[in-house]
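Student: The structure file final_15.cif (mmCIF, C-alpha atoms; chains and numbers go by the auth columns) is provided below.
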data_final
loop_
_atom_site.group_PDB
_atom_site.id
_atom_site.type_symbol
_atom_site.label_atom_id
_atom_site.label_comp_id
_atom_site.label_asym_id
_atom_site.label_seq_id
_atom_site.Cartn_x
_atom_site.Cartn_y
_atom_site.Cartn_z
_atom_site.B_iso_or_equiv
_atom_site.auth_seq_id
_atom_site.auth_asym_id
ATOM 1 C CA MET A 1 0.000 0.000 0.000 0.00 1 A
ATOM 2 C CA LYS A 2 1.426 3.373 -1.042 0.00 2 A
ATOM 3 C CA PRO A 3 1.179 6.376 1.287 0.00 3 A
ATOM 4 C CA GLU A 4 -0.909 9.329 0.165 0.00 4 A
ATOM 5 C CA PRO A 5 1.165 11.814 -1.813 0.00 5 A
ATOM 6 C CA SER A 6 2.132 14.980 -0.019 0.00 6 A
ATOM 7 C CA PRO A 7 0.734 18.211 -1.471 0.00 7 A
ATOM 8 C CA ALA A 8 4.351 19.311 -1.690 0.00 8 A
ATOM 9 C CA ASN A 9 4.955 16.656 -4.357 0.00 9 A
ATOM 10 C CA HIS A 10 2.116 17.564 -6.716 0.00 10 A
ATOM 11 C CA PRO A 11 1.433 21.104 -7.949 0.00 11 A
ATOM 12 C CA LEU A 12 -2.283 20.480 -8.584 0.00 12 A
ATOM 13 C CA VAL A 13 -2.865 19.048 -5.104 0.00 13 A
ATOM 14 C CA ALA A 14 -0.890 21.911 -3.526 0.00 14 A
ATOM 15 C CA ALA A 15 -2.750 24.501 -5.627 0.00 15 A
ATOM 16 C CA GLN A 16 -6.083 23.009 -4.522 0.00 16 A
ATOM 17 C CA ALA A 17 -4.945 23.185 -0.880 0.00 17 A
ATOM 18 C CA ALA A 18 -3.899 26.824 -1.336 0.00 18 A
ATOM 19 C CA LEU A 19 -7.257 27.560 -2.968 0.00 19 A
ATOM 20 C CA ALA A 20 -9.048 25.997 0.009 0.00 20 A
ATOM 21 C CA ALA A 21 -6.937 28.156 2.350 0.00 21 A
ATOM 22 C CA GLU A 22 -7.860 31.263 0.351 0.00 22 A
ATOM 23 C CA HIS A 23 -11.572 30.392 0.503 0.00 23 A
ATOM 24 C CA ALA A 24 -11.287 30.068 4.287 0.00 24 A
ATOM 25 C CA ALA A 25 -9.300 33.328 4.497 0.00 25 A
ATOM 26 C CA VAL A 26 -11.962 35.229 2.555 0.00 26 A
ATOM 27 C CA TYR A 27 -14.621 33.911 4.943 0.00 27 A
ATOM 28 C CA GLY A 28 -12.473 34.678 8.000 0.00 28 A
ATOM 29 C CA TYR A 29 -11.770 38.223 6.901 0.00 29 A
ATOM 30 C CA GLY A 30 -15.488 38.733 6.378 0.00 30 A
ATOM 31 C CA VAL A 31 -15.908 37.993 10.083 0.00 31 A
ATOM 32 C CA ILE A 32 -12.863 40.055 11.026 0.00 32 A
ATOM 33 C CA GLY A 33 -14.042 43.038 8.980 0.00 33 A
ATOM 34 C CA ALA A 34 -17.362 43.042 10.779 0.00 34 A
ATOM 35 C CA ARG A 35 -15.756 42.953 14.218 0.00 35 A
ATOM 36 C CA THR A 36 -12.377 44.657 14.022 0.00 36 A
ATOM 37 C CA ALA A 37 -11.589 47.939 15.711 0.00 37 A
ATOM 38 C CA PRO A 38 -11.968 51.035 13.516 0.00 38 A
ATOM 39 C CA ALA A 39 -8.198 51.595 13.596 0.00 39 A
ATOM 40 C CA ARG A 40 -7.640 48.245 11.821 0.00 40 A
ATOM 41 C CA GLN A 41 -10.592 48.342 9.401 0.00 41 A
ATOM 42 C CA THR A 42 -8.459 49.435 6.449 0.00 42 A
ATOM 43 C CA GLU A 43 -5.928 46.682 7.112 0.00 43 A
ATOM 44 C CA ALA A 44 -8.704 44.073 7.312 0.00 44 A
ATOM 45 C CA ARG A 45 -10.311 45.368 4.113 0.00 45 A
ATOM 46 C CA GLU A 46 -6.995 45.281 2.247 0.00 46 A
ATOM 47 C CA ALA A 47 -6.296 41.727 3.420 0.00 47 A
ATOM 48 C CA TYR A 48 -9.789 40.667 2.363 0.00 48 A
ATOM 49 C CA GLY A 49 -9.205 42.125 -1.099 0.00 49 A
ATOM 50 C CA ALA A 50 -5.791 40.471 -1.376 0.00 50 A
ATOM 51 C CA HIS A 51 -7.259 37.073 -0.515 0.00 51 A
ATOM 52 C CA LEU A 52 -10.090 37.527 -3.012 0.00 52 A
ATOM 53 C CA ALA A 53 -7.552 38.305 -5.731 0.00 53 A
ATOM 54 C CA ARG A 54 -5.329 35.339 -4.818 0.00 54 A
ATOM 55 C CA ARG A 55 -8.384 33.085 -4.728 0.00 55 A
ATOM 56 C CA ASP A 56 -9.311 34.125 -8.255 0.00 56 A
ATOM 57 C CA VAL A 57 -5.753 33.576 -9.509 0.00 57 A
ATOM 58 C CA LEU A 58 -5.637 30.130 -7.903 0.00 58 A
ATOM 59 C CA THR A 59 -8.971 29.218 -9.482 0.00 59 A
ATOM 60 C CA ARG A 60 -7.435 29.884 -12.888 0.00 60 A
ATOM 61 C CA THR A 61 -4.222 28.107 -11.875 0.00 61 A
ATOM 62 C CA VAL A 62 -6.078 24.947 -10.865 0.00 62 A
ATOM 63 C CA ARG A 63 -7.908 24.949 -14.188 0.00 63 A
ATOM 64 C CA GLY A 64 -4.614 25.486 -16.000 0.00 64 A
ATOM 65 C CA LEU A 65 -3.177 22.457 -14.192 0.00 65 A
ATOM 66 C CA GLY A 66 -6.109 20.364 -15.438 0.00 66 A
ATOM 67 C CA GLY A 67 -8.189 20.325 -12.255 0.00 67 A
ATOM 68 C CA ALA A 68 -11.647 21.440 -11.235 0.00 68 A
ATOM 69 C CA PRO A 69 -11.280 24.256 -8.670 0.00 69 A
ATOM 70 C CA ARG A 70 -12.394 23.313 -5.189 0.00 70 A
ATOM 71 C CA PRO A 71 -15.507 25.312 -4.274 0.00 71 A
ATOM 72 C CA SER A 72 -15.819 27.383 -1.143 0.00 72 A
ATOM 73 C CA GLU A 73 -17.668 25.955 1.837 0.00 73 A
ATOM 74 C CA ALA A 74 -20.922 27.647 2.807 0.00 74 A
ATOM 75 C CA ALA A 75 -19.405 28.499 6.197 0.00 75 A
ATOM 76 C CA TYR A 76 -16.267 27.759 8.177 0.00 76 A
ATOM 77 C CA THR A 77 -15.825 26.985 11.854 0.00 77 A
ATOM 78 C CA LEU A 78 -13.654 29.561 13.570 0.00 78 A
ATOM 79 C CA PRO A 79 -10.836 28.050 15.659 0.00 79 A
ATOM 80 C CA PHE A 80 -11.893 29.929 18.809 0.00 80 A
ATOM 81 C CA GLU A 81 -14.529 32.315 20.083 0.00 81 A
ATOM 82 C CA LEU A 82 -14.055 35.997 19.293 0.00 82 A
ATOM 83 C CA ARG A 83 -14.681 38.021 22.435 0.00 83 A
ATOM 84 C CA THR A 84 -12.088 40.789 22.367 0.00 84 A
ATOM 85 C CA PRO A 85 -10.154 42.888 19.856 0.00 85 A
ATOM 86 C CA ALA A 86 -7.114 40.726 20.692 0.00 86 A
ATOM 87 C CA ASP A 87 -9.090 37.643 19.616 0.00 87 A
ATOM 88 C CA ILE A 88 -9.831 39.300 16.266 0.00 88 A
ATOM 89 C CA GLU A 89 -6.149 40.057 15.747 0.00 89 A
ATOM 90 C CA ARG A 90 -5.161 36.531 16.765 0.00 90 A
ATOM 91 C CA LEU A 91 -7.664 35.103 14.264 0.00 91 A
ATOM 92 C CA ALA A 92 -6.231 37.253 11.469 0.00 92 A
ATOM 93 C CA ALA A 93 -2.700 36.110 12.301 0.00 93 A
ATOM 94 C CA GLU A 94 -3.803 32.472 12.389 0.00 94 A
ATOM 95 C CA ILE A 95 -5.552 32.798 9.039 0.00 95 A
ATOM 96 C CA GLU A 96 -2.368 34.208 7.553 0.00 96 A
ATOM 97 C CA ASP A 97 -0.286 31.412 9.108 0.00 97 A
ATOM 98 C CA ARG A 98 -2.568 28.807 7.530 0.00 98 A
ATOM 99 C CA VAL A 99 -2.436 30.530 4.155 0.00 99 A
ATOM 100 C CA ALA A 100 1.366 30.746 4.410 0.00 100 A
ATOM 101 C CA GLY A 101 1.530 27.030 5.156 0.00 101 A
ATOM 102 C CA ALA A 102 -0.524 26.197 2.070 0.00 102 A
ATOM 103 C CA TYR A 103 1.639 28.419 -0.119 0.00 103 A
ATOM 104 C CA SER A 104 4.768 26.876 1.394 0.00 104 A
ATOM 105 C CA ASP A 105 3.622 23.506 0.028 0.00 105 A
ATOM 106 C CA LEU A 106 2.918 25.096 -3.340 0.00 106 A
ATOM 107 C CA VAL A 107 6.392 26.669 -3.430 0.00 107 A
ATOM 108 C CA ARG A 108 7.928 23.236 -2.781 0.00 108 A
ATOM 109 C CA SER A 109 5.868 21.511 -5.477 0.00 109 A
ATOM 110 C CA ALA A 110 5.843 24.086 -8.262 0.00 110 A
ATOM 111 C CA ASP A 111 8.418 25.589 -10.523 0.00 111 A
ATOM 112 C CA GLY A 112 8.718 28.584 -12.820 0.00 112 A
ATOM 113 C CA GLN A 113 6.079 31.301 -12.677 0.00 113 A
ATOM 114 C CA LEU A 114 3.762 29.336 -10.368 0.00 114 A
ATOM 115 C CA ARG A 115 6.552 28.938 -7.850 0.00 115 A
ATOM 116 C CA ARG A 116 7.322 32.676 -7.966 0.00 116 A
ATOM 117 C CA GLU A 117 3.641 33.542 -7.479 0.00 117 A
ATOM 118 C CA ALA A 118 3.381 31.106 -4.566 0.00 118 A
ATOM 119 C CA ALA A 119 6.510 32.579 -2.973 0.00 119 A
ATOM 120 C CA ASP A 120 5.059 36.079 -3.329 0.00 120 A
ATOM 121 C CA ALA A 121 1.803 34.931 -1.721 0.00 121 A
ATOM 122 C CA LEU A 122 3.726 33.223 1.098 0.00 122 A
ATOM 123 C CA SER A 123 5.696 36.409 1.719 0.00 123 A
ATOM 124 C CA ALA A 124 2.570 38.585 1.703 0.00 124 A
ATOM 125 C CA ALA A 125 0.804 36.264 4.170 0.00 125 A
ATOM 126 C CA ALA A 126 3.847 36.289 6.467 0.00 126 A
ATOM 127 C CA VAL A 127 3.938 40.091 6.455 0.00 127 A
ATOM 128 C CA ARG A 128 0.216 40.318 7.231 0.00 128 A
ATOM 129 C CA ALA A 129 0.578 37.751 10.038 0.00 129 A
ATOM 130 C CA ALA A 130 3.445 39.734 11.554 0.00 130 A
ATOM 131 C CA ARG A 131 1.422 42.953 11.394 0.00 131 A
ATOM 132 C CA TRP A 132 -1.581 41.359 13.079 0.00 132 A
ATOM 133 C CA ARG A 133 0.522 39.531 15.647 0.00 133 A
ATOM 134 C CA GLY A 134 3.024 42.302 16.226 0.00 134 A
ATOM 135 C CA VAL A 135 5.957 39.924 15.665 0.00 135 A
ATOM 136 C CA GLY A 136 7.218 37.848 12.761 0.00 136 A
ATOM 137 C CA VAL A 137 8.414 34.261 12.559 0.00 137 A
ATOM 138 C CA ALA A 138 11.746 33.095 11.203 0.00 138 A
ATOM 139 C CA PHE A 139 10.300 30.564 8.764 0.00 139 A
ATOM 140 C CA PRO A 140 6.793 31.598 7.696 0.00 140 A
ATOM 141 C CA GLY A 141 4.659 28.770 6.432 0.00 141 A
ATOM 142 C CA LEU A 142 6.148 26.224 8.815 0.00 142 A
ATOM 143 C CA ALA A 143 3.566 25.483 11.477 0.00 143 A
ATOM 144 C CA GLU A 144 6.043 24.666 14.235 0.00 144 A
ATOM 145 C CA ARG A 145 7.735 28.065 13.837 0.00 145 A
ATOM 146 C CA SER A 146 4.523 30.113 13.854 0.00 146 A
ATOM 147 C CA GLU A 147 3.240 28.128 16.853 0.00 147 A
ATOM 148 C CA ARG A 148 6.278 29.256 18.872 0.00 148 A
ATOM 149 C CA ALA A 149 5.611 32.900 17.924 0.00 149 A
ATOM 150 C CA ARG A 150 1.987 32.592 19.013 0.00 150 A
ATOM 151 C CA ASN A 151 3.012 31.211 22.388 0.00 151 A
ATOM 152 C CA SER A 152 5.705 33.796 23.112 0.00 152 A
#
Can you give me the file's structure in the form of structure tokens?
Tutor:
Amino acid sequence: MKPEPSPANHPLVAAQAALAAEHAAVYGYGVIGARTAPARQTEAREAYGAHLARRDVLTRTVRGLGGAPRPSEAAYTLPFELRTPADIERLAAEIEDRVAGAYSDLVRSADGQLRREAADALSAAAVRAARWRGVGVAFPGLAERSERARNS
């Protein structure tokens, strides 16, 4: 019996995973935008727009790789309850960490232009996560590194 292939070994699988992460990010930023403090509204709106644009690019990418783009879920379960402005900021940082992780797999599996686009998306997600969190991580997209930043 063969093990399941890692998304990092197949560009289409990794692109589908990144698309799923973008769908979830768009949903999450919809929640964040409705609840964030006025001082961070512009930042939330810009992140929402960036994720919409990346989602649309990935939809075309998946088609170009011969796949059927994964549709968005009707709703997503948030990882924790949002009670305070700090919770909203933590959710935004976590969304960006998850997106960075998906793009990290795509960077490892792709080459050429797709790899460059994935690296740009990974970098943008890492910058947004650092802004929301107030601190960056040494290796964005690697869950164990971002977990340490969250706990410090």
Student: Evaluated on this file, the PyMOL selection byres ((chain A and resi 87) around 12) picks out some residues - which ones are they, written as a VMD selection string?
Tutor: chain A and resid 31 to 32 35 to 37 78 to 86 88 to 94 132 to 133
Student: May I have the selected residues written with C-alpha atoms, as a compact mmCIF listing (two decimals), keeping the file's coordinate frame?
Tutor:
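Okay, this is what ended up in selection.txt:
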# COMPACT_ATOMS: atom_id res chain seq x y z
CA VAL A 31 -15.91 37.99 10.08
CA ILE A 32 -12.86 40.06 11.03
CA ARG A 35 -15.76 42.95 14.22
CA THR A 36 -12.38 44.66 14.02
CA ALA A 37 -11.59 47.94 15.71
CA LEU A 78 -13.65 29.56 13.57
CA PRO A 79 -10.84 28.05 15.66
CA PHE A 80 -11.89 29.93 18.81
CA GLU A 81 -14.53 32.32 20.08
CA LEU A 82 -14.06 36.00 19.29
CA ARG A 83 -14.68 38.02 22.44
CA THR A 84 -12.09 40.79 22.37
CA PRO A 85 -10.15 42.89 19.86
CA ALA A 86 -7.11 40.73 20.69
CA ILE A 88 -9.83 39.30 16.27
CA GLU A 89 -6.15 40.06 15.75
CA ARG A 90 -5.16 36.53 16.76
CA LEU A 91 -7.66 35.10 14.26
CA ALA A 92 -6.23 37.25 11.47
CA ALA A 93 -2.70 36.11 12.30
CA GLU A 94 -3.80 32.47 12.39
CA TRP A 132 -1.58 41.36 13.08
CA ARG A 133 0.52 39.53 15.65
Student: May I have the centre and edge lengths, in Å to one decimal, of an axis-aligned box around the listed atoms of range 98-111 of chain A with 3 Å added to every side, as lines of an AutoDock Vina configuration file?
Tutor:
center_x = 2.9
center_y = 26.1
center_z = -1.5
size_x = 17.0
size_y = 15.2
size_z = 24.1
Student: Convert the output of the PyMOL selection byres ((chain A and resi 50) around 12) on the shown file into explicit residues, formatted as a list in words.
Tutor: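 Checking the PyMOL selection byres ((chain A and resi 50) around 12) against this file, the residues are Glu22, His23, Ala25, Val26, Tyr29, Glu43, Ala44, Arg45, Glu46, Ala47, Tyr48, Gly49, His51, Leu52, Ala53, Arg54, Arg55, Asp56, Val57, Glu96, Val99, Asp120, Ala121, Ala124, Ala125 and Arg128 of chain A.
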Student: Expanded to explicit residues, what is the PyMOL selection byres ((chain A and resi 70) around 7) for this file, as a ChimeraX atom specification?
Tutor: /A:16,20,68-69,71-72
Student: As an exercise, work out the distance from CA of Leu65 in chain A to CA of Asp105 in chain A in Å and give it to one decimal place.
Tutor: 15.8 Å
Student: If you count all atoms listed in the file, which residues fall within 8 Å of Pro11 in chain A, apart from same-chain ones fewer than 5 positions away, as a ChimeraX atom specification?
Tutor: /A:65,106,109-110
Student: In Å to one decimal, how far is CA of Leu12 in chain A from CA of Ser123 in chain A?
Tutor: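 The value is 20.6 Å.
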Student: Would you work out the distance separating CA of Gly64 in chain A from CA of Val127 in chain A, expressed in Å to one decimal?
Tutor: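 Between these atoms lies a distance of 28.1 Å.
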Student: Pick the closest to Gly101 in chain A from A:Val62, A:Ala18, A:Leu114, A:Ala130: which is it, counting only C-alpha atoms?
Tutor: A:Ala18
Student: Some atoms are missing, so please complete range 83-104 of chain A with N, CA and C atoms and return it as a CSV table (one decimal), in the coordinates of the input.
Tutor:
chain,number,residue,atom,x,y,z
A,83,ARG,N,-14.1,37.2,21.4
A,83,ARG,CA,-14.7,38.0,22.4
A,83,ARG,C,-14.1,39.4,22.6
A,84,THR,N,-12.8,39.5,22.2
A,84,THR,CA,-12.1,40.8,22.4
A,84,THR,C,-11.4,41.2,21.1
A,85,PRO,N,-11.0,42.5,21.0
A,85,PRO,CA,-10.2,42.9,19.9
A,85,PRO,C,-8.9,42.0,19.7
A,86,ALA,N,-8.3,41.6,20.8
A,86,ALA,CA,-7.1,40.7,20.7
A,86,ALA,C,-7.5,39.4,20.0
A,87,ASP,N,-8.7,38.9,20.3
A,87,ASP,CA,-9.1,37.6,19.6
A,87,ASP,C,-9.2,37.8,18.1
A,88,ILE,N,-9.7,39.0,17.7
A,88,ILE,CA,-9.8,39.3,16.3
A,88,ILE,C,-8.4,39.3,15.6
A,89,GLU,N,-7.5,40.0,16.3
A,89,GLU,CA,-6.1,40.1,15.7
A,89,GLU,C,-5.5,38.7,15.7
A,90,ARG,N,-5.7,37.9,16.7
A,90,ARG,CA,-5.2,36.5,16.8
A,90,ARG,C,-5.7,35.7,15.6
A,91,LEU,N,-7.0,35.8,15.4
A,91,LEU,CA,-7.7,35.1,14.3
A,91,LEU,C,-7.0,35.5,12.9
A,92,ALA,N,-6.8,36.8,12.7
A,92,ALA,CA,-6.2,37.3,11.5
A,92,ALA,C,-4.8,36.7,11.3
A,93,ALA,N,-4.0,36.7,12.4
A,93,ALA,CA,-2.7,36.1,12.3
A,93,ALA,C,-2.7,34.6,12.0
A,94,GLU,N,-3.7,33.9,12.6
A,94,GLU,CA,-3.8,32.5,12.4
A,94,GLU,C,-4.2,32.2,11.0
A,95,ILE,N,-5.2,33.0,10.4
A,95,ILE,CA,-5.6,32.8,9.0
A,95,ILE,C,-4.3,32.9,8.1
A,96,GLU,N,-3.5,34.0,8.4
A,96,GLU,CA,-2.4,34.2,7.6
A,96,GLU,C,-1.3,33.1,7.7
A,97,ASP,N,-1.2,32.5,8.9
A,97,ASP,CA,-0.3,31.4,9.1
A,97,ASP,C,-0.7,30.2,8.3
A,98,ARG,N,-2.0,30.0,8.3
A,98,ARG,CA,-2.6,28.8,7.5
A,98,ARG,C,-2.4,29.0,6.0
A,99,VAL,N,-2.6,30.2,5.6
A,99,VAL,CA,-2.4,30.5,4.2
A,99,VAL,C,-1.0,30.4,3.8
A,100,ALA,N,-0.1,30.9,4.7
A,100,ALA,CA,1.4,30.7,4.4
A,100,ALA,C,1.8,29.3,4.3
A,101,GLY,N,1.2,28.5,5.2
A,101,GLY,CA,1.5,27.0,5.2
A,101,GLY,C,1.1,26.4,3.8
A,102,ALA,N,-0.1,26.7,3.3
A,102,ALA,CA,-0.5,26.2,2.1
A,102,ALA,C,0.4,26.7,0.9
A,103,TYR,N,0.8,27.9,0.9
A,103,TYR,CA,1.6,28.4,-0.1
A,103,TYR,C,3.0,27.8,0.0
A,104,SER,N,3.5,27.5,1.2
A,104,SER,CA,4.8,26.9,1.4
A,104,SER,C,4.8,25.5,0.7
